[in-house]
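As structure tokens, the structure follows; a few thoughts come after it.
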Amino acid sequence: MDYKPVQTAVVILNWNGLRYLQQFLPSVVANSGNAQIVVADNASTDGSVAFLQTHFPEVRLILLPENYGFCEGYNKALQQVQATYYVLLNSDVDVPPGWKEPVLQLMEQDASIAVCQPKILAQQHPGYFEYAGAGGGLLDALGYPYCRGRLFETLEEDKGQYNDVQEIFWATGACMVVRAEVFHQLGGLEPAFFAHMEEIDFCWRAKNAGYKVMYNGHSCVYHVGGGTLHKSNPRKTYLNFRNGLALLYKNIPGKELLAAMLLRILLDWVAALRMAAAGQQQDARAVFDAHADLLRNRDYWRRRRREQVQKGNFPHLPGVYKGSIVWAYFIRQKRTVREL
């Protein structure tokens, strides 16, 4: 079928997520207005494709021949989707009526906005922010990500404190609206990341290219989280630590690189030792494996760094905390963004 260009395409990347498609796709279809709904399937083996073909024939289905992961899966799928805006939406997200309009209206008013996210609440505890994205993503001086509404494992109750429109550093890949022209201009998501931190890398590159990344708290969705890899999975630990360090190496300006990398590596090792002391031996090993992987593939990452546009004003970009969030949280006992 020949699909015509549309204003908005809601694109869900699926890999063996049948239970989430059954639970949440009906809300996406019912509450997304005239947006084109697309499911890109990463070679699932759990009956997802048959379910979509039988129960949602109106949903456009893109079949990928293998599991490319989150990053390359989206890169390959979005090459086949013509739209002004892409909504990258996780399969484990419940969307209410009117969920995307405030975000899209904001982006229509300002062409410099490349990415925008809504408020992300926990689907199982809807009075609280959800870990992945919460009230908008921020970054500290060493590249550690955190959110308004979430510092490490501390999640805030939603009391309307983030019902605002705010420039942030990164938007969550759980529900991220991206201007399609910019997505392709910047080369999409970093394929070597596979999954995790890719949205932070993309937003950093967008900022370096002169675009804004925004949060609109007048829109809200509900995210389960951990649908593909639970936070207790050592594979998730490995990806987070490898990609977190690669993220910093790729994007931080040269004059700040050495000090930032040395401090970051030291703090990662401290985290690994704390995991080992807590009996999480596999997670501790995953941290060191992540660093070893980055070293083994240093030629690739050097090349990717050379291809990036690094600006010298990183600490002054909107959404950057000039101190260490690790120090603020664990030593100074700060538990909310407003306390920083």
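Identifiers for the structure tokens are assigned positionally: chains receive A, B, ... in sequence, residues are indexed from 1 per chain, and ligands are indexed from 1 in the order shown.
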
Selection: 7 Å around stretch 86-89 of chain A, only C-alpha atoms, excl. self and same-chain fewer than 3 positions, as a PDB file with all heavy atoms, in the first residue's frame:
ATOM      1  N   THR A   8       0.946  13.878  11.461  1.00  0.00           N
ATOM      2  CA  THR A   8       1.444  13.208  12.659  1.00  0.00           C
ATOM      3  C   THR A   8       1.354  11.700  12.502  1.00  0.00           C
ATOM      4  O   THR A   8       0.297  11.173  12.120  1.00  0.00           O
ATOM      5  CB  THR A   8       0.641  13.625  13.909  1.00  0.00           C
ATOM      6  OG1 THR A   8       0.590  15.045  13.985  1.00  0.00           O
ATOM      7  CG2 THR A   8       1.259  13.049  15.173  1.00  0.00           C
ATOM      8  N   ALA A   9       2.450  11.030  12.799  1.00  0.00           N
ATOM      9  CA  ALA A   9       2.472   9.562  12.815  1.00  0.00           C
ATOM     10  C   ALA A   9       2.886   9.111  14.209  1.00  0.00           C
ATOM     11  O   ALA A   9       3.950   9.484  14.698  1.00  0.00           O
ATOM     12  CB  ALA A   9       3.431   9.018  11.767  1.00  0.00           C
ATOM     13  N   VAL A  10       2.022   8.337  14.855  1.00  0.00           N
ATOM     14  CA  VAL A  10       2.337   7.738  16.146  1.00  0.00           C
ATOM     15  C   VAL A  10       2.961   6.378  15.868  1.00  0.00           C
ATOM     16  O   VAL A  10       2.291   5.477  15.355  1.00  0.00           O
ATOM     17  CB  VAL A  10       1.079   7.589  17.024  1.00  0.00           C
ATOM     18  CG1 VAL A  10       1.425   6.914  18.351  1.00  0.00           C
ATOM     19  CG2 VAL A  10       0.433   8.952  17.262  1.00  0.00           C
ATOM     20  N   VAL A  11       4.241   6.241  16.172  1.00  0.00           N
ATOM     21  CA  VAL A  11       4.988   5.044  15.776  1.00  0.00           C
ATOM     22  C   VAL A  11       5.416   4.273  17.021  1.00  0.00           C
ATOM     23  O   VAL A  11       6.174   4.775  17.859  1.00  0.00           O
ATOM     24  CB  VAL A  11       6.220   5.407  14.919  1.00  0.00           C
ATOM     25  CG1 VAL A  11       6.889   4.132  14.395  1.00  0.00           C
ATOM     26  CG2 VAL A  11       5.812   6.310  13.759  1.00  0.00           C
ATOM     27  N   ILE A  12       4.910   3.057  17.135  1.00  0.00           N
ATOM     28  CA  ILE A  12       5.226   2.171  18.256  1.00  0.00           C
ATOM     29  C   ILE A  12       6.184   1.097  17.760  1.00  0.00           C
ATOM     30  O   ILE A  12       5.885   0.390  16.794  1.00  0.00           O
ATOM     31  CB  ILE A  12       3.946   1.514  18.809  1.00  0.00           C
ATOM     32  CG1 ILE A  12       2.990   2.582  19.350  1.00  0.00           C
ATOM     33  CG2 ILE A  12       4.275   0.490  19.890  1.00  0.00           C
ATOM     34  CD1 ILE A  12       1.604   2.044  19.684  1.00  0.00           C
ATOM     35  N   ALA A  83       5.877  12.014   7.490  1.00  0.00           N
ATOM     36  CA  ALA A  83       5.038  12.822   8.376  1.00  0.00           C
ATOM     37  C   ALA A  83       5.793  14.084   8.746  1.00  0.00           C
ATOM     38  O   ALA A  83       7.015  14.169   8.596  1.00  0.00           O
ATOM     39  CB  ALA A  83       4.682  12.028   9.638  1.00  0.00           C
ATOM     40  N   GLY A 173      12.223   8.759  25.527  1.00  0.00           N
ATOM     41  CA  GLY A 173      11.841   7.936  24.386  1.00  0.00           C
ATOM     42  C   GLY A 173      10.560   7.169  24.613  1.00  0.00           C
ATOM     43  O   GLY A 173      10.019   6.570  23.677  1.00  0.00           O
ATOM     44  N   ALA A 174      10.033   7.180  25.847  1.00  0.00           N
ATOM     45  CA  ALA A 174       8.756   6.515  26.112  1.00  0.00           C
ATOM     46  C   ALA A 174       7.615   7.216  25.386  1.00  0.00           C
ATOM     47  O   ALA A 174       6.664   6.576  24.928  1.00  0.00           O
ATOM     48  CB  ALA A 174       8.478   6.480  27.612  1.00  0.00           C
ATOM     49  N   CYS A 175       7.709   8.541  25.295  1.00  0.00           N
ATOM     50  CA  CYS A 175       6.716   9.325  24.547  1.00  0.00           C
ATOM     51  C   CYS A 175       7.376  10.623  24.130  1.00  0.00           C
ATOM     52  O   CYS A 175       7.408  11.593  24.895  1.00  0.00           O
ATOM     53  CB  CYS A 175       5.478   9.590  25.392  1.00  0.00           C
ATOM     54  SG  CYS A 175       4.176  10.480  24.485  1.00  0.00           S
ATOM     55  N   MET A 176       7.903  10.634  22.932  1.00  0.00           N
ATOM     56  CA  MET A 176       8.717  11.755  22.461  1.00  0.00           C
ATOM     57  C   MET A 176       8.210  12.189  21.092  1.00  0.00           C
ATOM     58  O   MET A 176       8.171  11.391  20.157  1.00  0.00           O
ATOM     59  CB  MET A 176      10.181  11.301  22.372  1.00  0.00           C
ATOM     60  CG  MET A 176      11.146  12.350  21.910  1.00  0.00           C
ATOM     61  SD  MET A 176      12.888  11.838  22.120  1.00  0.00           S
ATOM     62  CE  MET A 176      13.096  10.690  20.761  1.00  0.00           C
ATOM     63  N   VAL A 177       7.794  13.435  21.000  1.00  0.00           N
ATOM     64  CA  VAL A 177       7.355  13.986  19.717  1.00  0.00           C
ATOM     65  C   VAL A 177       8.546  14.675  19.063  1.00  0.00           C
ATOM     66  O   VAL A 177       9.171  15.550  19.661  1.00  0.00           O
ATOM     67  CB  VAL A 177       6.191  14.970  19.899  1.00  0.00           C
ATOM     68  CG1 VAL A 177       5.692  15.462  18.538  1.00  0.00           C
ATOM     69  CG2 VAL A 177       5.048  14.310  20.671  1.00  0.00           C
ATOM     70  N   VAL A 178       8.865  14.266  17.848  1.00  0.00           N
ATOM     71  CA  VAL A 178      10.057  14.756  17.151  1.00  0.00           C
ATOM     72  C   VAL A 178       9.654  15.346  15.810  1.00  0.00           C
ATOM     73  O   VAL A 178       8.844  14.759  15.075  1.00  0.00           O
ATOM     74  CB  VAL A 178      11.070  13.612  16.914  1.00  0.00           C
ATOM     75  CG1 VAL A 178      12.341  14.155  16.264  1.00  0.00           C
ATOM     76  CG2 VAL A 178      11.399  12.903  18.207  1.00  0.00           C
ATOM     77  N   ARG A 179      10.212  16.489  15.501  1.00  0.00           N
ATOM     78  CA  ARG A 179      10.021  17.066  14.171  1.00  0.00           C
ATOM     79  C   ARG A 179      10.765  16.175  13.169  1.00  0.00           C
ATOM     80  O   ARG A 179      11.989  15.995  13.261  1.00  0.00           O
ATOM     81  CB  ARG A 179      10.560  18.491  14.142  1.00  0.00           C
ATOM     82  CG  ARG A 179      10.000  19.364  13.042  1.00  0.00           C
ATOM     83  CD  ARG A 179      10.494  20.793  13.191  1.00  0.00           C
ATOM     84  NE  ARG A 179       9.983  21.461  14.377  1.00  0.00           N
ATOM     85  CZ  ARG A 179       8.810  22.090  14.447  1.00  0.00           C
ATOM     86  NH1 ARG A 179       8.018  22.134  13.391  1.00  0.00           N
ATOM     87  NH2 ARG A 179       8.428  22.679  15.576  1.00  0.00           N
ATOM     88  N   ALA A 180      10.045  15.591  12.228  1.00  0.00           N
ATOM     89  CA  ALA A 180      10.614  14.568  11.346  1.00  0.00           C
ATOM     90  C   ALA A 180      11.807  15.090  10.551  1.00  0.00           C
ATOM     91  O   ALA A 180      12.810  14.384  10.377  1.00  0.00           O
ATOM     92  CB  ALA A 180       9.535  14.050  10.395  1.00  0.00           C
TER      93      ALA A 180
END

Wanna dump the stretch 42-148 of chain A-stretch 241-263 of chain A contacts at 8 Å for me, each residue with its shortest atom pair and the distance in Å to one decimal, counting only C-alpha atoms, ordered by chain and number, as CSV?
residue,atom,partner,partner_atom,distance
A:Ala141,CA,A:Ala260,CA,7.6
A:Leu142,CA,A:Ala260,CA,5.6
A:Gly143,CA,A:Leu248,CA,5.7
A:Tyr144,CA,A:Gly244,CA,7.3

Next, dump the selected residues to file, keeping only N, CA and C atoms, as a tab-separated table (two decimals), in the first residue's frame.
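Here's the written file out.tsv:
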chain	number	residue	atom	x	y	z
A	141	ALA	N	26.62	17.92	35.22
A	141	ALA	CA	27.86	18.27	34.53
A	141	ALA	C	28.67	17.06	34.10
A	142	LEU	N	28.40	15.89	34.69
A	142	LEU	CA	29.10	14.67	34.33
A	142	LEU	C	28.26	13.75	33.44
A	143	GLY	N	27.16	14.27	32.92
A	143	GLY	CA	26.34	13.51	32.00
A	143	GLY	C	25.37	12.55	32.65
A	144	TYR	N	25.18	12.62	33.97
A	144	TYR	CA	24.20	11.76	34.62
A	144	TYR	C	22.80	12.33	34.41

Problem - Polymer residues at most 10 Å from A:Leu317, only C-alpha atoms, same-chain spacing of 2 or more positions, as a PyMOL selection string - result: chain A and resi 139+167-169+204+207-208+311-315+319-322

Exercise for the section: Using DSSP on the backbone, list every residue of stretch 134-294 of chain A that comes out as strand (DSSP E or B), and give them as a ChimeraX atom specification. Expected result: /A:137-140,145-147,150-151,154-155,157,165-167,170,175-179,212-223

Prev. selection, C-alpha atoms, output as an mmCIF file, in the first residue's frame:
data_model
loop_
_atom_site.group_PDB
_atom_site.id
_atom_site.type_symbol
_atom_site.label_atom_id
_atom_site.label_comp_id
_atom_site.auth_asym_id
_atom_site.auth_seq_id
_atom_site.Cartn_x
_atom_site.Cartn_y
_atom_site.Cartn_z
ATOM 1 C CA GLY A 137 14.761 15.190 31.523
ATOM 2 C CA LEU A 138 17.793 17.055 32.868
ATOM 3 C CA LEU A 139 21.532 16.358 32.922
ATOM 4 C CA ASP A 140 24.333 17.131 35.366
ATOM 5 C CA PRO A 145 20.525 12.016 33.657
ATOM 6 C CA TYR A 146 17.687 12.745 36.038
ATOM 7 C CA CYS A 147 14.212 14.240 35.795
ATOM 8 C CA ARG A 150 12.596 11.786 39.761
ATOM 9 C CA LEU A 151 16.038 11.763 41.326
ATOM 10 C CA THR A 154 13.021 8.826 44.481
ATOM 11 C CA LEU A 155 9.766 9.546 42.652
ATOM 12 C CA GLU A 157 3.899 12.579 43.902
ATOM 13 C CA VAL A 165 5.842 24.441 29.801
ATOM 14 C CA GLN A 166 9.589 24.278 30.259
ATOM 15 C CA GLU A 167 12.739 23.924 28.185
ATOM 16 C CA TRP A 170 16.205 15.646 27.070
ATOM 17 C CA CYS A 175 6.716 9.325 24.547
ATOM 18 C CA MET A 176 8.717 11.755 22.461
ATOM 19 C CA VAL A 177 7.355 13.986 19.717
ATOM 20 C CA VAL A 178 10.057 14.756 17.151
ATOM 21 C CA ARG A 179 10.021 17.066 14.171
ATOM 22 C CA LYS A 212 15.044 23.472 21.606
ATOM 23 C CA VAL A 213 13.859 20.459 23.597
ATOM 24 C CA MET A 214 10.640 21.135 25.502
ATOM 25 C CA TYR A 215 8.312 19.699 28.118
ATOM 26 C CA ASN A 216 4.581 20.396 28.098
ATOM 27 C CA GLY A 217 2.879 19.484 31.374
ATOM 28 C CA HIS A 218 -0.565 20.247 29.958
ATOM 29 C CA SER A 219 -0.402 16.851 28.274
ATOM 30 C CA CYS A 220 -0.071 13.593 30.203
ATOM 31 C CA VAL A 221 0.397 9.863 29.475
ATOM 32 C CA TYR A 222 0.758 6.820 31.725
ATOM 33 C CA HIS A 223 3.786 4.548 31.353
#

Handout entry: Who sits within 9 Å of A:Tyr20, only C-alpha atoms, same chain under 4 positions skipped, as a PyMOL selection string
Key = chain A and resi 24-25+91-93+227

Problem - Nearest to A:Leu340 by atom-to-atom distance, counting only C-alpha atoms, from A:Arg148, A:Arg205, A:Leu18, A:Glu198 - result: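 Nearest to A:Leu340: A:Arg148.
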
Problem - Atomic distance atom CA of A:Ala284 - atom CA of A:Ala272, expressed in Å with one decimal - result: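 That distance, rounded to one decimal, is 4.4 Å.
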
Problem - Of the listed residues A:Asn297, A:Ala286, A:Met197, A:Pro126, that which approaches A:Leu273 most closely, counting only C-alpha atoms - result: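 Checking each of A:Asn297, A:Ala286, A:Met197, A:Pro126 against A:Leu273, counting only C-alpha atoms, the winner is A:Ala286.
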
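Between atom CA of A:Ser32 and atom CA of A:Gly149 the interatomic distance comes to 26.1 Å.
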
Problem - Using only C-alpha atoms: which of A:Gly33, A:Pro191, A:Pro5, A:Gly47 has the shortest distance to A:Leu21 - result: A:Gly47

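Between A:Gln82 and the candidates A:Glu108, A:Glu199, A:Glu181, A:Glu153, the tightest atom-to-atom separation, counting only C-alpha atoms, involves A:Glu181.
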
Problem - For A:Ala122, the nearest of the candidates A:Gly135, A:Pro57, A:Pro97, A:Gly187, counting only C-alpha atoms - result: A:Gly135

Practice task
Could you jot down the atom CA of A:Leu61 to atom CA of A:Thr84 separation for me, Å, one decimal place?
Solution key: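 Taking atom CA of A:Leu61 and atom CA of A:Thr84, their separation equals 19.1 Å.
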